[in-house]
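Listing of query29.csv, CSV, N, CA and C atoms
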```
chain,number,residue,atom,x,y,z
H,1,ASP,N,2.0,-0.2,26.8
H,1,ASP,CA,0.7,-0.8,26.8
H,1,ASP,C,0.3,-1.1,25.3
H,2,GLN,N,-0.7,-1.9,25.2
H,2,GLN,CA,-1.2,-2.4,23.9
H,2,GLN,C,-1.6,-1.3,23.0
H,3,LEU,N,-2.3,-0.3,23.5
H,3,LEU,CA,-2.8,0.7,22.6
H,3,LEU,C,-1.7,1.6,22.0
H,4,SER,N,-0.7,1.9,22.8
H,4,SER,CA,0.4,2.7,22.3
H,4,SER,C,1.2,1.9,21.3
H,5,LEU,N,1.3,0.6,21.5
H,5,LEU,CA,2.0,-0.3,20.6
H,5,LEU,C,1.3,-0.3,19.2
H,6,GLU,N,-0.1,-0.4,19.3
H,6,GLU,CA,-0.9,-0.4,18.0
H,6,GLU,C,-0.7,1.0,17.3
H,7,ILE,N,-0.7,2.1,18.0
H,7,ILE,CA,-0.6,3.4,17.4
H,7,ILE,C,0.8,3.5,16.8
H,8,GLU,N,1.8,3.0,17.4
H,8,GLU,CA,3.2,3.1,16.9
H,8,GLU,C,3.2,2.2,15.6
H,9,GLU,N,2.6,1.0,15.6
H,9,GLU,CA,2.6,0.2,14.4
H,9,GLU,C,1.8,0.8,13.3
H,10,ASP,N,0.7,1.5,13.6
H,10,ASP,CA,-0.1,2.2,12.6
H,10,ASP,C,0.7,3.3,12.0
H,11,ALA,N,1.5,4.0,12.8
H,11,ALA,CA,2.3,5.1,12.3
H,11,ALA,C,3.4,4.6,11.4
H,12,GLN,N,4.0,3.5,11.8
H,12,GLN,CA,5.1,2.9,11.0
H,12,GLN,C,4.5,2.3,9.7
H,13,LEU,N,3.3,1.7,9.7
H,13,LEU,CA,2.7,1.2,8.5
H,13,LEU,C,2.3,2.4,7.6
H,14,GLN,N,1.8,3.5,8.1
H,14,GLN,CA,1.5,4.6,7.3
H,14,GLN,C,2.8,5.2,6.6
H,15,SER,N,3.9,5.2,7.4
H,15,SER,CA,5.1,5.7,6.9
H,15,SER,C,5.6,4.8,5.7
H,16,VAL,N,5.5,3.5,5.9
H,16,VAL,CA,5.9,2.6,4.8
H,16,VAL,C,5.1,2.9,3.5
H,17,TRP,N,3.8,3.0,3.7
H,17,TRP,CA,2.9,3.3,2.6
H,17,TRP,C,3.2,4.6,1.9
H,18,THR,N,3.4,5.6,2.7
H,18,THR,CA,3.7,7.0,2.1
H,18,THR,C,5.0,6.9,1.3
H,19,GLU,N,6.0,6.2,1.8
H,19,GLU,CA,7.3,6.1,1.1
H,19,GLU,C,7.1,5.2,-0.2
H,20,ALA,N,6.3,4.2,-0.1
H,20,ALA,CA,6.0,3.3,-1.3
H,20,ALA,C,5.3,4.1,-2.4
H,21,LEU,N,4.3,5.0,-2.0
H,21,LEU,CA,3.6,5.8,-2.9
H,21,LEU,C,4.6,6.8,-3.6
H,22,ALA,N,5.5,7.3,-2.9
H,22,ALA,CA,6.5,8.3,-3.4
H,22,ALA,C,7.3,7.5,-4.5
H,23,ARG,N,7.7,6.3,-4.2
H,23,ARG,CA,8.5,5.5,-5.1
H,23,ARG,C,7.8,5.0,-6.3
H,24,VAL,N,6.5,4.8,-6.2
H,24,VAL,CA,5.7,4.2,-7.3
H,24,VAL,C,5.2,5.3,-8.2
H,25,GLU,N,5.0,6.5,-7.7
H,25,GLU,CA,4.5,7.6,-8.5
H,25,GLU,C,5.2,7.8,-9.9
H,26,PRO,N,6.6,7.8,-9.9
H,26,PRO,CA,7.3,8.1,-11.1
H,26,PRO,C,7.0,6.9,-12.1
H,27,LYS,N,6.7,5.7,-11.7
H,27,LYS,CA,6.4,4.6,-12.5
H,27,LYS,C,5.0,4.6,-13.1
H,28,VAL,N,4.0,4.9,-12.3
H,28,VAL,CA,2.6,4.8,-12.7
H,28,VAL,C,2.0,6.2,-13.0
H,29,GLY,N,2.6,7.2,-12.6
H,29,GLY,CA,2.1,8.6,-12.8
H,29,GLY,C,1.3,9.1,-11.6
H,30,ARG,N,1.3,10.4,-11.5
H,30,ARG,CA,0.6,11.1,-10.4
H,30,ARG,C,-0.9,10.9,-10.5
H,31,GLU,N,-1.5,10.9,-11.7
H,31,GLU,CA,-2.9,10.7,-11.9
H,31,GLU,C,-3.4,9.4,-11.3
H,32,ALA,N,-2.6,8.3,-11.6
H,32,ALA,CA,-2.9,7.0,-11.1
H,32,ALA,C,-2.9,7.0,-9.5
H,33,VAL,N,-1.9,7.6,-9.0
H,33,VAL,CA,-1.7,7.6,-7.5
H,33,VAL,C,-2.9,8.4,-6.9
H,34,GLU,N,-3.2,9.5,-7.5
H,34,GLU,CA,-4.3,10.3,-7.0
H,34,GLU,C,-5.7,9.7,-7.2
H,35,SER,N,-5.9,9.0,-8.3
H,35,SER,CA,-7.2,8.4,-8.6
H,35,SER,C,-7.4,7.1,-7.9
H,36,TRP,N,-6.4,6.3,-7.8
H,36,TRP,CA,-6.6,4.9,-7.3
H,36,TRP,C,-5.9,4.6,-6.0
H,37,LEU,N,-4.7,5.1,-5.8
H,37,LEU,CA,-3.9,4.6,-4.7
H,37,LEU,C,-4.1,5.5,-3.4
H,38,ARG,N,-4.3,6.8,-3.6
H,38,ARG,CA,-4.4,7.7,-2.5
H,38,ARG,C,-5.5,7.4,-1.5
H,39,ASP,N,-6.6,6.8,-2.0
H,39,ASP,CA,-7.7,6.5,-1.1
H,39,ASP,C,-7.6,5.1,-0.4
H,40,ALA,N,-6.7,4.4,-0.9
H,40,ALA,CA,-6.4,3.1,-0.2
H,40,ALA,C,-5.6,3.3,1.1
H,41,ALA,N,-5.8,2.4,2.0
H,41,ALA,CA,-5.2,2.6,3.3
H,41,ALA,C,-4.4,1.3,3.7
H,42,PRO,N,-3.3,1.5,4.2
H,42,PRO,CA,-2.5,0.3,4.7
H,42,PRO,C,-3.3,-0.4,5.8
H,43,PHE,N,-3.4,-1.7,5.8
H,43,PHE,CA,-4.1,-2.4,6.8
H,43,PHE,C,-3.1,-3.2,7.7
H,44,SER,N,-2.2,-3.9,7.1
H,44,SER,CA,-1.2,-4.7,7.9
H,44,SER,C,0.0,-5.0,7.0
H,45,LEU,N,1.1,-5.3,7.7
H,45,LEU,CA,2.3,-5.8,7.1
H,45,LEU,C,2.8,-7.0,7.9
H,46,GLU,N,2.6,-8.2,7.4
H,46,GLU,CA,2.9,-9.4,8.2
H,46,GLU,C,3.5,-10.4,7.3
H,47,ALA,N,4.6,-11.0,7.6
H,47,ALA,CA,5.3,-12.1,6.9
H,47,ALA,C,5.4,-11.8,5.4
H,48,GLY,N,5.9,-10.6,5.1
H,48,GLY,CA,6.1,-10.2,3.7
H,48,GLY,C,4.9,-9.9,2.9
H,49,VAL,N,3.8,-9.7,3.5
H,49,VAL,CA,2.5,-9.4,2.8
H,49,VAL,C,2.0,-8.1,3.3
H,50,PHE,N,1.9,-7.1,2.4
H,50,PHE,CA,1.4,-5.8,2.7
H,50,PHE,C,-0.1,-5.8,2.3
H,51,THR,N,-1.0,-5.7,3.3
H,51,THR,CA,-2.4,-5.7,3.0
H,51,THR,C,-2.9,-4.3,2.9
H,52,LEU,N,-3.6,-4.0,1.8
H,52,LEU,CA,-4.1,-2.7,1.5
H,52,LEU,C,-5.6,-2.7,1.5
H,53,ASN,N,-6.2,-1.8,2.2
H,53,ASN,CA,-7.7,-1.7,2.3
H,53,ASN,C,-8.1,-0.7,1.3
H,54,THR,N,-9.0,-1.1,0.4
H,54,THR,CA,-9.5,-0.2,-0.6
H,54,THR,C,-11.0,0.2,-0.3
H,55,PRO,N,-11.4,1.4,-0.9
H,55,PRO,CA,-12.8,1.9,-0.5
H,55,PRO,C,-13.9,1.1,-1.2
H,56,ASN,N,-13.6,0.4,-2.3
H,56,ASN,CA,-14.7,-0.3,-3.0
H,56,ASN,C,-14.1,-1.4,-3.9
H,57,ALA,N,-15.0,-2.2,-4.5
H,57,ALA,CA,-14.5,-3.3,-5.3
H,57,ALA,C,-13.8,-2.9,-6.6
H,58,THR,N,-14.3,-1.8,-7.2
H,58,THR,CA,-13.7,-1.3,-8.4
H,58,THR,C,-12.2,-0.9,-8.1
H,59,ALA,N,-12.0,-0.2,-7.1
H,59,ALA,CA,-10.6,0.2,-6.7
H,59,ALA,C,-9.7,-1.1,-6.5
H,60,LYS,N,-10.3,-2.1,-5.8
H,60,LYS,CA,-9.6,-3.3,-5.5
H,60,LYS,C,-9.2,-4.0,-6.8
H,61,THR,N,-10.1,-4.2,-7.7
H,61,THR,CA,-9.8,-4.8,-9.0
H,61,THR,C,-8.8,-4.0,-9.8
H,62,TRP,N,-8.9,-2.7,-9.8
H,62,TRP,CA,-8.0,-1.9,-10.6
H,62,TRP,C,-6.6,-1.9,-10.0
H,63,ILE,N,-6.5,-1.8,-8.7
H,63,ILE,CA,-5.2,-1.9,-8.1
H,63,ILE,C,-4.5,-3.2,-8.3
H,64,GLU,N,-5.3,-4.3,-8.2
H,64,GLU,CA,-4.7,-5.6,-8.4
H,64,GLU,C,-4.2,-5.8,-9.8
H,65,LYS,N,-5.0,-5.4,-10.8
H,65,LYS,CA,-4.7,-5.6,-12.2
H,65,LYS,C,-3.6,-4.6,-12.7
H,66,LYS,N,-3.6,-3.4,-12.3
H,66,LYS,CA,-2.8,-2.4,-12.9
H,66,LYS,C,-1.5,-2.0,-12.0
H,67,TYR,N,-1.6,-2.0,-10.7
H,67,TYR,CA,-0.6,-1.4,-9.9
H,67,TYR,C,0.1,-2.4,-8.8
H,68,ALA,N,-0.5,-3.6,-8.7
H,68,ALA,CA,0.1,-4.5,-7.6
H,68,ALA,C,1.6,-4.8,-7.8
H,69,ARG,N,1.9,-5.0,-9.1
H,69,ARG,CA,3.3,-5.4,-9.3
H,69,ARG,C,4.3,-4.2,-9.0
H,70,ALA,N,3.9,-3.0,-9.4
H,70,ALA,CA,4.7,-1.8,-9.1
H,70,ALA,C,4.7,-1.5,-7.6
H,71,LEU,N,3.6,-1.7,-7.0
H,71,LEU,CA,3.5,-1.5,-5.5
H,71,LEU,C,4.4,-2.5,-4.8
H,72,ALA,N,4.3,-3.7,-5.2
H,72,ALA,CA,5.1,-4.8,-4.6
H,72,ALA,C,6.6,-4.5,-4.7
H,73,SER,N,7.0,-4.0,-5.8
H,73,SER,CA,8.4,-3.6,-6.1
H,73,SER,C,8.8,-2.5,-5.1
H,74,ALA,N,8.0,-1.4,-5.1
H,74,ALA,CA,8.3,-0.3,-4.2
H,74,ALA,C,8.3,-0.7,-2.7
H,75,LEU,N,7.4,-1.5,-2.3
H,75,LEU,CA,7.3,-2.0,-0.9
H,75,LEU,C,8.5,-2.9,-0.6
H,76,THR,N,8.9,-3.7,-1.5
H,76,THR,CA,10.1,-4.5,-1.3
H,76,THR,C,11.3,-3.6,-1.1
H,77,ASP,N,11.5,-2.5,-1.9
H,77,ASP,CA,12.5,-1.6,-1.7
H,77,ASP,C,12.5,-0.9,-0.3
H,78,VAL,N,11.3,-0.5,0.1
H,78,VAL,CA,11.1,0.2,1.3
H,78,VAL,C,11.3,-0.7,2.5
H,79,CYS,N,10.8,-1.9,2.4
H,79,CYS,CA,10.9,-2.8,3.6
H,79,CYS,C,12.2,-3.6,3.6
H,80,GLY,N,13.0,-3.6,2.5
H,80,GLY,CA,14.2,-4.3,2.5
H,80,GLY,C,14.1,-5.8,2.4
H,81,GLU,N,12.9,-6.3,2.1
H,81,GLU,CA,12.7,-7.7,1.9
H,81,GLU,C,11.6,-7.9,0.9
H,82,GLU,N,11.5,-9.1,0.3
H,82,GLU,CA,10.5,-9.4,-0.7
H,82,GLU,C,9.1,-9.2,0.0
H,83,THR,N,8.3,-8.3,-0.7
H,83,THR,CA,7.0,-8.0,-0.1
H,83,THR,C,5.9,-8.1,-1.2
H,84,ARG,N,4.9,-8.9,-0.9
H,84,ARG,CA,3.7,-9.0,-1.8
H,84,ARG,C,2.6,-8.1,-1.4
H,85,VAL,N,1.7,-7.8,-2.3
H,85,VAL,CA,0.6,-6.9,-2.0
H,85,VAL,C,-0.7,-7.7,-2.1
H,86,GLN,N,-1.5,-7.6,-1.0
H,86,GLN,CA,-2.8,-8.2,-0.9
H,86,GLN,C,-3.8,-7.1,-0.8
H,87,VAL,N,-4.8,-7.1,-1.7
H,87,VAL,CA,-5.8,-6.0,-1.7
H,87,VAL,C,-7.1,-6.5,-1.1
H,88,ILE,N,-7.6,-5.8,-0.2
H,88,ILE,CA,-8.9,-6.2,0.4
H,88,ILE,C,-9.9,-5.1,0.3
```

Could you express the structure from this file as structure tokens?
Amino acid sequence: DQLSLEIEEDAQLQSVWTEALARVEPKVGREAVESWLRDAAPFSLEAGVFTLNTPNATAKTWIEKKYARALASALTDVCGEETRVQVI
């Protein structure tokens, strides 16, 4: 049914995000992950675009400017295909 499919997709999305965080932490540091990335939540992964939902505009701007490139690289590794990061 649709609900179980959505739950499964959410769990898979969370798993991808958790793995990406683990891969990006050595590059950006634990403090950056805890301060800026831990509160962000995966929203979707479609057509090579990983959409990340942030708690506020400051976090959105900071992630886009400082961490998007490292996150995209980590997500590309995890997903096995070129993945861009979109922050909302």

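Using only C-alpha atoms, the protein and nucleic acid residues lying at most 12 Å from the point (-14.8, 2.3, -8.0) are Ser35, Trp36, Leu37, Asp39, Ala40, Thr54, Pro55, Asn56, Ala57, Thr58, Ala59, Lys60, Thr61, Trp62 and Ile63 of chain H.
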
List the neighbours of range 46-51 of chain H out to 5 Å using all atoms listed in the file; skip same-chain residues closer than 5 positions along the sequence, and give me the result as a list in words.
->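 The filter keeps Glu82, Thr83, Arg84, Val85 and Gln86 of chain H.
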
Return the single residue from H:Thr76, H:Glu81, H:Ile88, H:Pro42 that is closest to Ala20 in chain H, with distances computed using only N, CA and C atoms.
->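 For Ala20 in chain H, the nearest of the candidates is H:Thr76.
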
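Interatomic distance, CA of Arg30 in chain H to CA of Glu8 in chain H: 28.6 Å.
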
Could you write out, as a PyMOL selection string, all the residues of chain H that DSSP marks as alpha helix (DSSP H)?
-> chain H and resi 2-28+30-32+57-62+68-79

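Among H:Arg38, H:Gly80, H:Val28, H:Tyr67, the residue with the shortest atom-to-atom distance to Asn53 in chain H, counting only C-alpha atoms, is H:Arg38.
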
Any idea what the distance is between CA of Ala32 in chain H and CA of Glu9 in chain H?
->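 So the answer is 27.0 Å.
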
Spatial neighbours of Gln14 in chain H, max dist 9 Å, only C-alpha atoms, sep filter under 4 positions, as a ChimeraX atom specification | /H:9-10,18-19,41-43

Starting from the incomplete input, reconstruct N, CA, C and O atoms of range 39-54 of chain H and write that as a short mmCIF file (atom, residue, chain, number, x, y, z; two decimals), in the frame of the given file.
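Wrote selection_20.cif, looks like this:
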```cif
data_model
loop_
_atom_site.label_atom_id
_atom_site.label_comp_id
_atom_site.auth_asym_id
_atom_site.auth_seq_id
_atom_site.Cartn_x
_atom_site.Cartn_y
_atom_site.Cartn_z
N ASP H 39 -6.60 6.80 -2.00
CA ASP H 39 -7.70 6.50 -1.10
C ASP H 39 -7.60 5.10 -0.40
O ASP H 39 -8.38 4.81 0.46
N ALA H 40 -6.70 4.40 -0.90
CA ALA H 40 -6.40 3.10 -0.20
C ALA H 40 -5.60 3.30 1.10
O ALA H 40 -4.93 4.29 1.20
N ALA H 41 -5.80 2.40 2.00
CA ALA H 41 -5.20 2.60 3.30
C ALA H 41 -4.40 1.30 3.70
O ALA H 41 -4.93 0.20 3.47
N PRO H 42 -3.30 1.50 4.20
CA PRO H 42 -2.50 0.30 4.70
C PRO H 42 -3.30 -0.40 5.80
O PRO H 42 -3.77 0.30 6.73
N PHE H 43 -3.40 -1.70 5.80
CA PHE H 43 -4.10 -2.40 6.80
C PHE H 43 -3.10 -3.20 7.70
O PHE H 43 -3.25 -3.18 8.90
N SER H 44 -2.20 -3.90 7.10
CA SER H 44 -1.20 -4.70 7.90
C SER H 44 0.00 -5.00 7.00
O SER H 44 -0.02 -4.94 5.78
N LEU H 45 1.10 -5.30 7.70
CA LEU H 45 2.30 -5.80 7.10
C LEU H 45 2.80 -7.00 7.90
O LEU H 45 3.27 -6.77 9.03
N GLU H 46 2.60 -8.20 7.40
CA GLU H 46 2.90 -9.40 8.20
C GLU H 46 3.50 -10.40 7.30
O GLU H 46 2.95 -10.70 6.20
N ALA H 47 4.60 -11.00 7.60
CA ALA H 47 5.30 -12.10 6.90
C ALA H 47 5.40 -11.80 5.40
O ALA H 47 5.16 -12.61 4.58
N GLY H 48 5.90 -10.60 5.10
CA GLY H 48 6.10 -10.20 3.70
C GLY H 48 4.90 -9.90 2.90
O GLY H 48 4.99 -9.89 1.69
N VAL H 49 3.80 -9.70 3.50
CA VAL H 49 2.50 -9.40 2.80
C VAL H 49 2.00 -8.10 3.30
O VAL H 49 1.66 -7.95 4.51
N PHE H 50 1.90 -7.10 2.40
CA PHE H 50 1.40 -5.80 2.70
C PHE H 50 -0.10 -5.80 2.30
O PHE H 50 -0.38 -5.97 1.14
N THR H 51 -1.00 -5.70 3.30
CA THR H 51 -2.40 -5.70 3.00
C THR H 51 -2.90 -4.30 2.90
O THR H 51 -2.68 -3.47 3.79
N LEU H 52 -3.60 -4.00 1.80
CA LEU H 52 -4.10 -2.70 1.50
C LEU H 52 -5.60 -2.70 1.50
O LEU H 52 -6.20 -3.56 0.79
N ASN H 53 -6.20 -1.80 2.20
CA ASN H 53 -7.70 -1.70 2.30
C ASN H 53 -8.10 -0.70 1.30
O ASN H 53 -7.71 0.44 1.32
N THR H 54 -9.00 -1.10 0.40
CA THR H 54 -9.50 -0.20 -0.60
C THR H 54 -11.00 0.20 -0.30
O THR H 54 -11.71 -0.52 0.32
#
```
